[in-house]
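Have a look at target37.tsv; it's TSV, C-alpha atoms and all ligand atoms:
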chain	number	residue	atom	x	y	z
A	1	MET	CA	125.74	122.05	123.28
A	2	GLY	CA	122.87	124.44	123.40
A	3	ILE	CA	120.30	121.70	123.69
A	4	ARG	CA	118.61	121.91	127.02
A	5	SER	CA	117.03	119.07	128.86
A	6	THR	CA	113.70	119.92	127.30
A	7	GLY	CA	115.13	118.79	123.98
A	8	LEU	CA	115.11	120.57	120.68
A	9	ARG	CA	112.10	122.72	120.21
A	10	CYS	CA	111.01	124.40	117.10
A	11	LEU	CA	108.10	126.24	115.67
A	12	LEU	CA	106.74	124.30	112.75
A	13	ALA	CA	105.72	125.82	109.50
A	14	VAL	CA	102.22	127.00	110.13
A	15	ALA	CA	99.67	128.16	107.66
A	16	VAL	CA	98.08	131.18	109.20
A	17	VAL	CA	94.68	132.46	108.26
A	18	LEU	CA	95.05	136.17	107.81
A	19	SER	CA	91.69	137.24	109.12
A	20	ALA	CA	92.42	136.28	112.69
A	21	THR	CA	89.49	136.67	114.99
A	22	ALA	CA	89.60	137.29	118.69
A	23	ALA	CA	90.27	134.27	120.80
A	24	ARG	CA	87.16	132.82	122.31
A	25	ALA	CA	86.24	129.71	124.14
A	26	GLY	CA	86.57	126.42	122.41
A	27	ALA	CA	87.91	127.20	118.97
A	28	LEU	CA	88.85	123.53	118.56
A	29	SER	CA	85.69	121.63	117.78
A	30	ALA	CA	86.93	118.30	116.54
A	31	TRP	CA	90.10	116.38	115.93
A	32	ALA	CA	91.03	113.08	114.42
A	33	ILE	CA	93.99	110.92	113.57
A	34	SER	CA	93.11	109.46	110.22
A	35	ARG	CA	93.95	106.00	108.99
A	36	ASP	CA	96.46	107.42	106.52
A	37	GLY	CA	98.38	108.99	109.36
A	38	ALA	CA	97.34	112.60	109.47
A	39	LEU	CA	96.18	114.86	112.25
A	40	GLU	CA	92.98	116.60	111.22
A	41	LEU	CA	91.53	119.51	113.12
A	42	ARG	CA	88.37	121.43	112.88
A	43	THR	CA	88.22	124.87	114.47
A	44	SER	CA	86.12	127.99	114.43
A	45	PRO	CA	86.73	129.73	111.13
A	46	GLY	CA	89.57	132.19	110.84
A	47	VAL	CA	91.60	131.42	113.96
A	48	ARG	CA	95.37	131.30	114.23
A	49	LEU	CA	97.04	128.07	115.20
A	50	GLN	CA	100.63	127.42	116.15
A	51	ALA	CA	102.27	124.04	115.96
A	52	TYR	CA	105.38	122.90	117.79
A	53	PHE	CA	107.68	119.95	117.82
A	54	GLU	CA	109.89	118.65	120.58
A	55	GLU	CA	112.44	115.92	120.13
A	56	GLY	CA	112.32	112.91	122.38
A	57	ALA	CA	114.57	112.81	125.43
A	58	ALA	CA	115.69	109.86	127.51
A	59	GLY	CA	112.84	107.39	127.77
A	60	ARG	CA	110.45	109.72	126.05
A	61	GLY	CA	109.32	109.96	122.45
A	62	PRO	CA	108.97	113.07	120.35
A	63	ARG	CA	105.89	115.18	120.68
A	64	VAL	CA	103.98	117.52	118.46
A	65	TRP	CA	101.52	120.01	119.80
A	66	VAL	CA	99.17	122.58	118.46
A	67	ASP	CA	97.95	125.62	120.35
A	68	ILE	CA	94.46	126.77	119.49
A	69	PRO	CA	92.91	129.95	120.86
A	70	GLY	CA	90.18	129.43	123.41
A	71	ALA	CA	90.14	127.23	126.48
A	72	PRO	CA	88.83	123.68	126.12
A	73	LEU	CA	85.64	122.73	127.88
A	74	ARG	CA	87.54	119.95	129.59
A	75	THR	CA	91.04	118.61	129.55
A	76	ARG	CA	91.69	114.94	129.03
A	77	SER	CA	94.10	112.38	127.75
A	78	LEU	CA	93.56	109.38	125.53
A	79	ARG	CA	95.85	106.38	125.31
A	80	ALA	CA	96.64	105.37	121.77
A	81	THR	CA	98.25	102.29	120.32
A	82	GLY	CA	101.06	101.98	117.81
A	83	ALA	CA	103.53	104.76	117.19
A	84	LEU	CA	101.29	107.28	118.86
A	85	GLN	CA	101.25	106.82	122.60
A	86	GLU	CA	98.88	109.41	123.87
A	87	VAL	CA	96.79	112.37	122.80
A	88	ARG	CA	96.13	115.05	125.37
A	89	ILE	CA	93.85	118.04	125.36
A	90	GLY	CA	95.33	120.52	127.78
A	91	LYS	CA	95.00	124.09	128.91
A	92	PRO	CA	98.44	125.73	129.21
A	93	ASP	CA	96.72	128.98	130.16
A	94	PRO	CA	93.08	130.08	130.54
A	95	TYR	CA	92.91	131.21	126.89
A	96	THR	CA	94.46	128.33	125.03
A	97	THR	CA	93.67	124.76	124.08
A	98	ARG	CA	96.73	122.58	123.58
A	99	LEU	CA	96.43	119.35	121.65
A	100	VAL	CA	99.49	117.21	122.29
A	101	LEU	CA	100.50	114.13	120.32
A	102	GLU	CA	102.95	112.06	122.29
A	103	PHE	CA	104.83	109.44	120.30
A	104	GLN	CA	106.47	106.23	121.50
A	105	PRO	CA	110.13	106.49	122.44
A	106	GLY	CA	112.26	105.78	119.40
A	107	THR	CA	109.75	107.20	116.92
A	108	ARG	CA	111.54	109.27	114.33
A	109	LEU	CA	109.87	112.44	113.12
A	110	ASP	CA	111.50	115.06	110.98
A	111	PRO	CA	110.17	118.50	111.95
A	112	ARG	CA	110.99	119.83	108.49
A	113	GLN	CA	108.42	117.42	107.09
A	114	LEU	CA	105.69	118.39	109.48
A	115	ARG	CA	103.44	121.14	108.31
A	116	LEU	CA	100.09	122.15	109.63
A	117	VAL	CA	98.17	123.37	106.63
A	118	GLY	CA	94.84	125.10	106.52
A	119	THR	CA	92.68	123.31	103.98
A	120	ALA	CA	89.71	125.56	104.56
A	121	ARG	CA	88.85	128.40	106.91
A	122	ASP	CA	88.02	125.89	109.61
A	123	ARG	CA	90.03	122.81	108.62
A	124	TRP	CA	93.61	121.88	109.31
A	125	ARG	CA	95.72	118.92	108.44
A	126	MET	CA	99.16	117.70	109.34
A	127	GLU	CA	100.59	114.62	107.69
A	128	LEU	CA	102.62	112.73	110.24
A	129	ARG	CA	105.33	111.96	107.75
A	130	GLY	CA	107.95	109.49	108.77
A	131	VAL	CA	105.59	107.40	110.88
A	132	PRO	CA	104.54	104.30	108.93
A	133	ALA	CA	100.80	104.55	108.38
A	134	ARG	CA	100.25	101.00	109.64
A	135	ARG	CA	101.72	102.07	112.95
A	136	ILE	CA	99.11	104.78	113.34
A	137	ALA	CA	95.80	103.85	114.86
A	138	GLN	CA	92.71	105.85	114.06
A	139	LEU	CA	91.54	108.00	116.88
A	140	GLY	CA	89.43	111.06	117.26
A	141	GLU	CA	86.98	113.16	119.11
A	142	GLY	CA	84.27	115.42	117.80
A	143	ASP	CA	82.13	118.12	119.39
A	144	MET	CA	84.87	119.34	121.66
A	145	ASP	CA	82.86	122.34	122.61
A	146	ALA	CA	79.14	122.08	122.83
A	147	SER	CA	78.69	125.62	124.06
A	148	PRO	CA	76.21	127.57	121.94
A	149	GLY	CA	77.64	130.15	119.62
A	150	ALA	CA	81.00	128.52	119.13
A	151	TRP	CA	79.94	127.57	115.64
A	152	SER	CA	77.99	130.72	114.89
A	153	GLY	CA	74.75	128.98	115.62
A	154	ARG	CA	75.54	125.87	113.63
A	155	THR	CA	76.05	122.56	115.35
A	156	ALA	CA	79.36	121.00	114.57
A	157	ALA	CA	78.99	117.76	112.71
A	158	ARG	CA	80.21	114.93	114.89
A	159	LEU	CA	83.42	113.37	113.76
A	160	PRO	CA	83.23	109.62	113.83
A	161	ALA	CA	86.15	108.36	115.85
A	162	GLY	CA	89.12	108.46	113.57
A	163	GLY	CA	86.98	108.76	110.49
A	164	ARG	CA	87.36	111.42	107.90
A	165	TYR	CA	85.20	114.46	107.84
A	166	GLY	CA	82.15	113.16	106.10
A	167	GLY	CA	78.52	113.71	105.50
A	168	SER	CA	76.99	115.86	102.86
A	169	ASP	CA	76.28	118.59	105.39
A	170	ASP	CA	79.91	118.86	105.97
A	171	TRP	CA	80.68	119.11	102.34
A	172	SER	CA	78.39	121.93	101.46
A	173	SER	CA	79.47	123.95	104.46
A	174	ARG	CA	83.04	124.14	103.28
A	175	GLY	CA	82.66	127.07	100.98
A	176	ARG	CA	79.94	128.75	102.94
A	177	SER	CA	81.69	131.69	104.55
A	178	THR	CA	82.34	133.27	101.20
A	179	ALA	CA	79.63	135.88	100.89
A	180	ARG	CA	80.71	138.66	98.57
A	181	THR	CA	78.81	140.28	95.78
A	182	PRO	CA	75.63	138.48	94.90
A	183	LEU	CA	76.04	136.29	91.87
A	184	SER	CA	73.62	135.72	89.09
A	185	THR	CA	72.80	132.11	88.46
A	186	GLN	CA	70.74	132.98	85.42
A	187	GLY	CA	71.56	130.92	82.40
A	188	LEU	CA	73.68	128.40	84.30
A	189	PRO	CA	73.13	124.83	83.13
A	190	VAL	CA	70.93	122.78	85.43
A	191	VAL	CA	72.18	119.47	86.83
A	192	PRO	CA	70.43	117.09	89.23
A	193	ARG	CA	70.73	118.56	92.72
A	194	GLY	CA	72.87	116.72	95.24
A	195	ARG	CA	74.32	114.39	92.66
A	196	PHE	CA	77.74	115.86	91.94
A	197	ARG	CA	80.80	116.80	93.93
A	198	VAL	CA	83.40	119.18	92.60
A	199	VAL	CA	86.77	120.18	93.99
A	200	ILE	CA	87.86	123.74	93.22
A	201	ASP	CA	91.56	124.35	93.72
A	202	PRO	CA	92.62	128.01	93.72
A	203	GLY	CA	96.36	127.79	93.08
A	204	HIS	CA	99.08	129.09	95.40
A	205	GLY	CA	98.13	131.17	98.46
A	206	GLY	CA	99.53	132.63	101.66
A	207	PRO	CA	103.26	133.26	101.38
A	208	ASP	CA	103.17	132.00	97.78
A	209	PRO	CA	101.44	134.66	95.66
A	210	GLY	CA	101.92	132.73	92.42
A	211	ALA	CA	102.64	134.93	89.43
A	212	VAL	CA	102.87	138.68	89.99
A	213	GLY	CA	102.19	140.89	87.00
A	214	ILE	CA	101.28	144.34	85.77
A	215	GLY	CA	100.48	146.76	88.57
A	216	GLY	CA	101.38	144.16	91.18
A	217	LEU	CA	98.44	141.98	90.14
A	218	ARG	CA	98.81	138.72	92.06
A	219	GLU	CA	97.73	135.36	90.76
A	220	THR	CA	96.68	134.18	94.24
A	221	ASP	CA	94.16	137.02	94.59
A	222	VAL	CA	92.66	136.44	91.17
A	223	VAL	CA	92.25	132.69	91.54
A	224	LEU	CA	90.90	132.81	95.09
A	225	ASP	CA	88.29	135.40	94.18
A	226	VAL	CA	87.22	133.51	91.07
A	227	GLY	CA	87.36	130.15	92.89
A	228	LEU	CA	85.09	131.30	95.71
A	229	GLN	CA	82.59	132.63	93.21
A	230	VAL	CA	82.68	129.44	91.16
A	231	ALA	CA	81.97	127.51	94.36
A	232	ARG	CA	78.94	129.61	95.16
A	233	LEU	CA	77.60	129.30	91.65
A	234	LEU	CA	77.96	125.54	91.67
A	235	GLN	CA	76.38	125.32	95.12
A	236	SER	CA	73.43	127.32	93.83
A	237	ARG	CA	72.90	124.49	91.34
A	238	GLY	CA	72.96	121.88	94.07
A	239	VAL	CA	76.54	120.78	93.43
A	240	GLN	CA	78.59	119.92	96.51
A	241	VAL	CA	81.79	121.89	96.44
A	242	LEU	CA	85.03	121.27	98.23
A	243	MET	CA	87.72	123.91	98.09
A	244	THR	CA	91.37	123.18	98.72
A	245	ARG	CA	91.61	126.62	100.28
A	246	THR	CA	89.14	129.40	100.97
A	247	SER	CA	91.55	132.00	102.28
A	248	GLU	CA	95.12	133.18	101.93
A	249	VAL	CA	96.79	130.10	103.27
A	250	ASP	CA	99.61	128.06	101.87
A	251	VAL	CA	98.54	124.56	100.93
A	252	ASP	CA	101.10	122.13	99.53
A	253	LEU	CA	100.30	120.25	96.36
A	254	PRO	CA	100.03	116.74	97.91
A	255	PRO	CA	97.30	117.74	100.39
A	256	ARG	CA	95.36	119.33	97.54
A	257	VAL	CA	95.49	116.05	95.68
A	258	SER	CA	94.76	113.83	98.68
A	259	LEU	CA	91.82	116.03	99.59
A	260	ALA	CA	90.45	115.54	96.09
A	261	ASN	CA	91.19	111.82	95.92
A	262	SER	CA	89.73	111.01	99.31
A	263	SER	CA	86.58	112.98	98.64
A	264	GLY	CA	85.02	110.92	95.89
A	265	ALA	CA	84.66	114.08	93.82
A	266	HIS	CA	83.50	113.84	90.22
A	267	VAL	CA	85.59	116.73	88.96
A	268	PHE	CA	88.74	118.60	90.00
A	269	VAL	CA	89.43	122.08	88.66
A	270	SER	CA	92.63	123.94	89.49
A	271	LEU	CA	92.55	127.67	88.82
A	272	HIS	CA	95.67	129.60	87.85
A	273	ALA	CA	96.82	132.65	85.95
A	274	ASN	CA	99.81	132.66	83.67
A	275	ALA	CA	102.85	134.91	83.58
A	276	LEU	CA	105.73	135.34	81.23
A	277	SER	CA	107.83	138.39	81.86
A	278	MET	CA	107.11	142.03	82.45
A	279	ASP	CA	108.86	142.71	79.13
A	280	ARG	CA	106.35	140.62	77.23
A	281	PRO	CA	102.96	142.34	77.61
A	282	ASP	CA	102.27	141.14	74.07
A	283	VAL	CA	101.85	137.57	75.30
A	284	ASN	CA	98.27	136.89	76.31
A	285	GLY	CA	95.86	134.00	76.18
A	286	VAL	CA	93.81	131.37	77.91
A	287	GLU	CA	94.73	127.68	78.12
A	288	THR	CA	93.35	124.69	79.95
A	289	PHE	CA	95.46	121.62	80.66
A	290	TYR	CA	94.47	118.00	81.13
A	291	PHE	CA	96.74	115.05	81.85
A	292	SER	CA	94.86	112.08	80.52
A	293	GLY	CA	92.56	112.41	77.53
A	294	GLY	CA	88.96	111.26	77.49
A	295	ARG	CA	86.84	112.86	80.14
A	296	SER	CA	89.54	115.24	81.37
A	297	PHE	CA	89.90	116.49	77.83
A	298	GLU	CA	86.13	116.99	77.54
A	299	LEU	CA	86.14	118.95	80.79
A	300	ALA	CA	89.11	121.04	79.65
A	301	ARG	CA	87.45	121.81	76.34
A	302	SER	CA	84.19	122.77	78.00
A	303	ILE	CA	85.85	125.22	80.41
A	304	GLN	CA	88.21	126.60	77.78
A	305	GLU	CA	85.30	127.28	75.43
A	306	GLN	CA	83.35	129.15	78.09
A	307	ILE	CA	86.27	131.33	79.13
A	308	MET	CA	87.08	132.18	75.52
A	309	ALA	CA	83.47	133.22	74.98
A	310	ILE	CA	83.89	136.05	77.49
A	311	SER	CA	87.49	136.93	76.58
A	312	PRO	CA	87.43	138.45	73.11
A	313	GLY	CA	90.77	139.48	71.66
A	314	THR	CA	92.96	137.22	73.76
A	315	PRO	CA	94.53	134.21	72.02
A	316	ASP	CA	92.86	130.84	72.40
A	317	ARG	CA	95.75	128.62	73.44
A	318	GLY	CA	93.36	125.71	73.63
A	319	ALA	CA	92.72	122.63	75.73
A	320	ARG	CA	96.10	120.95	75.84
A	321	PRO	CA	97.91	118.11	77.54
A	322	GLY	CA	99.98	119.07	80.57
A	323	ARG	CA	101.87	117.33	83.34
A	324	PHE	CA	101.10	119.46	86.38
A	325	TYR	CA	101.18	117.56	89.66
A	326	VAL	CA	97.60	118.29	90.66
A	327	ILE	CA	96.13	116.99	87.41
A	328	ARG	CA	98.58	114.10	87.11
A	329	ARG	CA	97.88	112.74	90.58
A	330	THR	CA	94.16	113.27	90.91
A	331	VAL	CA	92.03	110.25	90.06
A	332	MET	CA	88.91	111.99	88.75
A	333	PRO	CA	88.59	114.02	85.54
A	334	SER	CA	90.78	116.99	86.33
A	335	VAL	CA	92.02	120.12	84.62
A	336	LEU	CA	94.20	123.11	85.34
A	337	THR	CA	93.10	126.30	83.72
A	338	GLU	CA	95.27	129.35	83.14
A	339	MET	CA	92.70	132.10	82.88
A	340	GLY	CA	95.00	134.68	81.31
A	341	PHE	CA	98.43	136.30	81.73
A	342	VAL	CA	98.92	138.66	84.67
A	343	THR	CA	101.80	140.05	82.57
A	344	GLY	CA	99.71	140.45	79.43
A	345	GLU	CA	98.42	143.83	78.29
A	346	ILE	CA	95.06	142.40	77.27
A	347	ASP	CA	94.59	139.93	80.12
A	348	ALA	CA	96.00	141.79	83.13
A	349	PRO	CA	93.49	144.67	83.27
A	350	ARG	CA	90.70	142.14	82.91
A	351	LEU	CA	92.00	139.85	85.65
A	352	ALA	CA	92.30	142.90	87.90
A	353	ASP	CA	88.69	143.88	87.29
A	354	PRO	CA	86.14	142.51	89.80
A	355	GLU	CA	83.40	142.60	87.20
A	356	PHE	CA	85.46	140.53	84.78
A	357	ARG	CA	86.33	138.06	87.51
A	358	ARG	CA	82.63	137.66	88.17
A	359	ARG	CA	82.15	136.79	84.51
A	360	LEU	CA	85.15	134.46	84.60
A	361	ALA	CA	83.60	132.62	87.54
A	362	GLN	CA	80.39	132.24	85.61
A	363	ALA	CA	82.30	130.95	82.61
A	364	VAL	CA	84.17	128.35	84.67
A	365	ALA	CA	80.98	127.28	86.46
A	366	ASN	CA	79.26	127.09	83.10
A	367	GLY	CA	82.02	124.92	81.71
A	368	ILE	CA	81.88	122.55	84.68
A	369	LEU	CA	78.09	122.29	84.68
A	370	SER	CA	77.93	121.76	80.92
A	371	TYR	CA	80.42	118.95	81.30
A	372	LEU	CA	78.45	117.37	84.17
A	373	GLN	CA	75.27	117.63	82.11
B	401	ZN	ZN	99.80	129.23	89.11
Can you give me the file's structure in the form of structure tokens?
Ligand SMILES: [Zn+2]
Amino acid sequence: MGIRSTGLRCLLAVAVVLSATAARAGALSAWAISRDGALELRTSPGVRLQAYFEEGAAGRGPRVWVDIPGAPLRTRSLRATGALQEVRIGKPDPYTTRLVLEFQPGTRLDPRQLRLVGTARDRWRMELRGVPARRIAQLGEGDMDASPGAWSGRTAARLPAGGRYGGSDDWSSRGRSTARTPLSTQGLPVVPRGRFRVVIDPGHGGPDPGAVGIGGLRETDVVLDVGLQVARLLQSRGVQVLMTRTSEVDVDLPPRVSLANSSGAHVFVSLHANALSMDRPDVNGVETFYFSGGRSFELARSIQEQIMAISPGTPDRGARPGRFYVIRRTVMPSVLTEMGFVTGEIDAPRLADPEFRRRLAQAVANGILSYLQ
């Protein structure tokens, strides 16, 4: 009843980049099915994608498709092996690229488990949950659109077939579109250029604002602003930076962790702000959590020290053990820092102040670089 011959259709949860730009040709520049069973897309920065799911009908498997603004240079279809039967690049109308994943009949996919998440302004990932990874063959195609200008003058790095996005070029470009106020790199510790990789994880994002405090101060805004600045500071010291998000998108915790773990990063730093209740403005303070001791503790202590040095008057809640998912599941030294309380009378006005956030970013970058030194 109510299910038409086309099968059940639904719009999947989609992480939407807020700063949508006008559709233009060839926003999809590369795609891949990774070995661990995820669809990875690379697009022009700041576009809106929509993902759909359709249940299998008689003799046909389920399909998932993603609509990307901009027509493809060419349409094509690729046979796959295993659970995935075919991947097609189509053109449902002159302004849209449609990437279709067609699965073998009998493949079970739960649309509630499928989420296309933006991992950066130009990166997208969908874990094909429910399909055993061994039944997924690697597949991929890079440089979908070789037309000049599609990448604002930059040539898209070629995706090796089915490989992950790699190459140091690729890495450093991730946080690039973040120009804001110029930052001072004076006094930042010096580390060997090109030697270290750091993952910066601004907590929450998109529909999840994190904690909301005095004057409507939102955790997501604070941590994204600080995170982007930390990235630029580290990059200025020749550190390769990967961000789990660079805009207001919703990224689940597991993709944040898998991004970090698959990247070979030396350090993972998750940025958050605390909250208690609006009735407790008296509670303030900075704390930095680590899961395992040793190097994570050293990193936590280094960052905590630097933030406290620029936060007089707020309590030092210390470097302390914690069990947050992102620090428990990451394999490199990792910490989660709560840079103050958005509900605190001392911390909130500071966290709301762009100048203080600039200093916070310098403190965090300082803490990371001192640790790497
Ligand atoms: Zn948080």
Could you list, as a PDB file with C-alpha atoms, in the coordinates of the input, every residue within 8 Å of range 199-202 of chain A, counting all atoms listed in the file and ignoring same-chain residues fewer than 5 positions away?
ATOM      1  CA  THR A 220      96.680 134.180  94.240  1.00  0.00           C
ATOM      2  CA  VAL A 223      92.250 132.690  91.540  1.00  0.00           C
ATOM      3  CA  LEU A 224      90.900 132.810  95.090  1.00  0.00           C
ATOM      4  CA  GLY A 227      87.360 130.150  92.890  1.00  0.00           C
ATOM      5  CA  VAL A 230      82.680 129.440  91.160  1.00  0.00           C
ATOM      6  CA  ALA A 231      81.970 127.510  94.360  1.00  0.00           C
ATOM      7  CA  VAL A 241      81.790 121.890  96.440  1.00  0.00           C
ATOM      8  CA  LEU A 242      85.030 121.270  98.230  1.00  0.00           C
ATOM      9  CA  MET A 243      87.720 123.910  98.090  1.00  0.00           C
ATOM     10  CA  THR A 244      91.370 123.180  98.720  1.00  0.00           C
ATOM     11  CA  ARG A 245      91.610 126.620 100.280  1.00  0.00           C
ATOM     12  CA  ARG A 256      95.360 119.330  97.540  1.00  0.00           C
ATOM     13  CA  ALA A 260      90.450 115.540  96.090  1.00  0.00           C
ATOM     14  CA  ALA A 265      84.660 114.080  93.820  1.00  0.00           C
ATOM     15  CA  VAL A 267      85.590 116.730  88.960  1.00  0.00           C
ATOM     16  CA  PHE A 268      88.740 118.600  90.000  1.00  0.00           C
ATOM     17  CA  VAL A 269      89.430 122.080  88.660  1.00  0.00           C
ATOM     18  CA  SER A 270      92.630 123.940  89.490  1.00  0.00           C
ATOM     19  CA  LEU A 271      92.550 127.670  88.820  1.00  0.00           C
ATOM     20  CA  HIS A 272      95.670 129.600  87.850  1.00  0.00           C
TER      21      HIS A 272
END
**Distance filter 7 Å around ligand ZN 401 (chain B), atoms: only C-alpha atoms and all ligand atoms, out as a PyMOL selection string** = chain A and resi 203-204+210-211+219+272-274
**Item:** Interatomic distance (Å, one decimal) between CA of Arg329 in chain A and CA of Ala361 in chain A
**Value:**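 Pair CA of Arg329 in chain A / CA of Ala361 in chain A returns 24.7 Å.
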**Complete:** Computed gap from CA of Gly213 in chain A to CA of Thr343 in chain A is 4.5 Å
**Message:** So that I can see what lies close to range 290-296 of chain A, please list as a VMD selection string the residues with an atom at most 8 Å from it, counting all atoms listed in the file and leaving out residues fewer than 4 positions away in the same chain.
**Reply:** chain A and resid 300 319 to 324 327 to 328 333 to 336
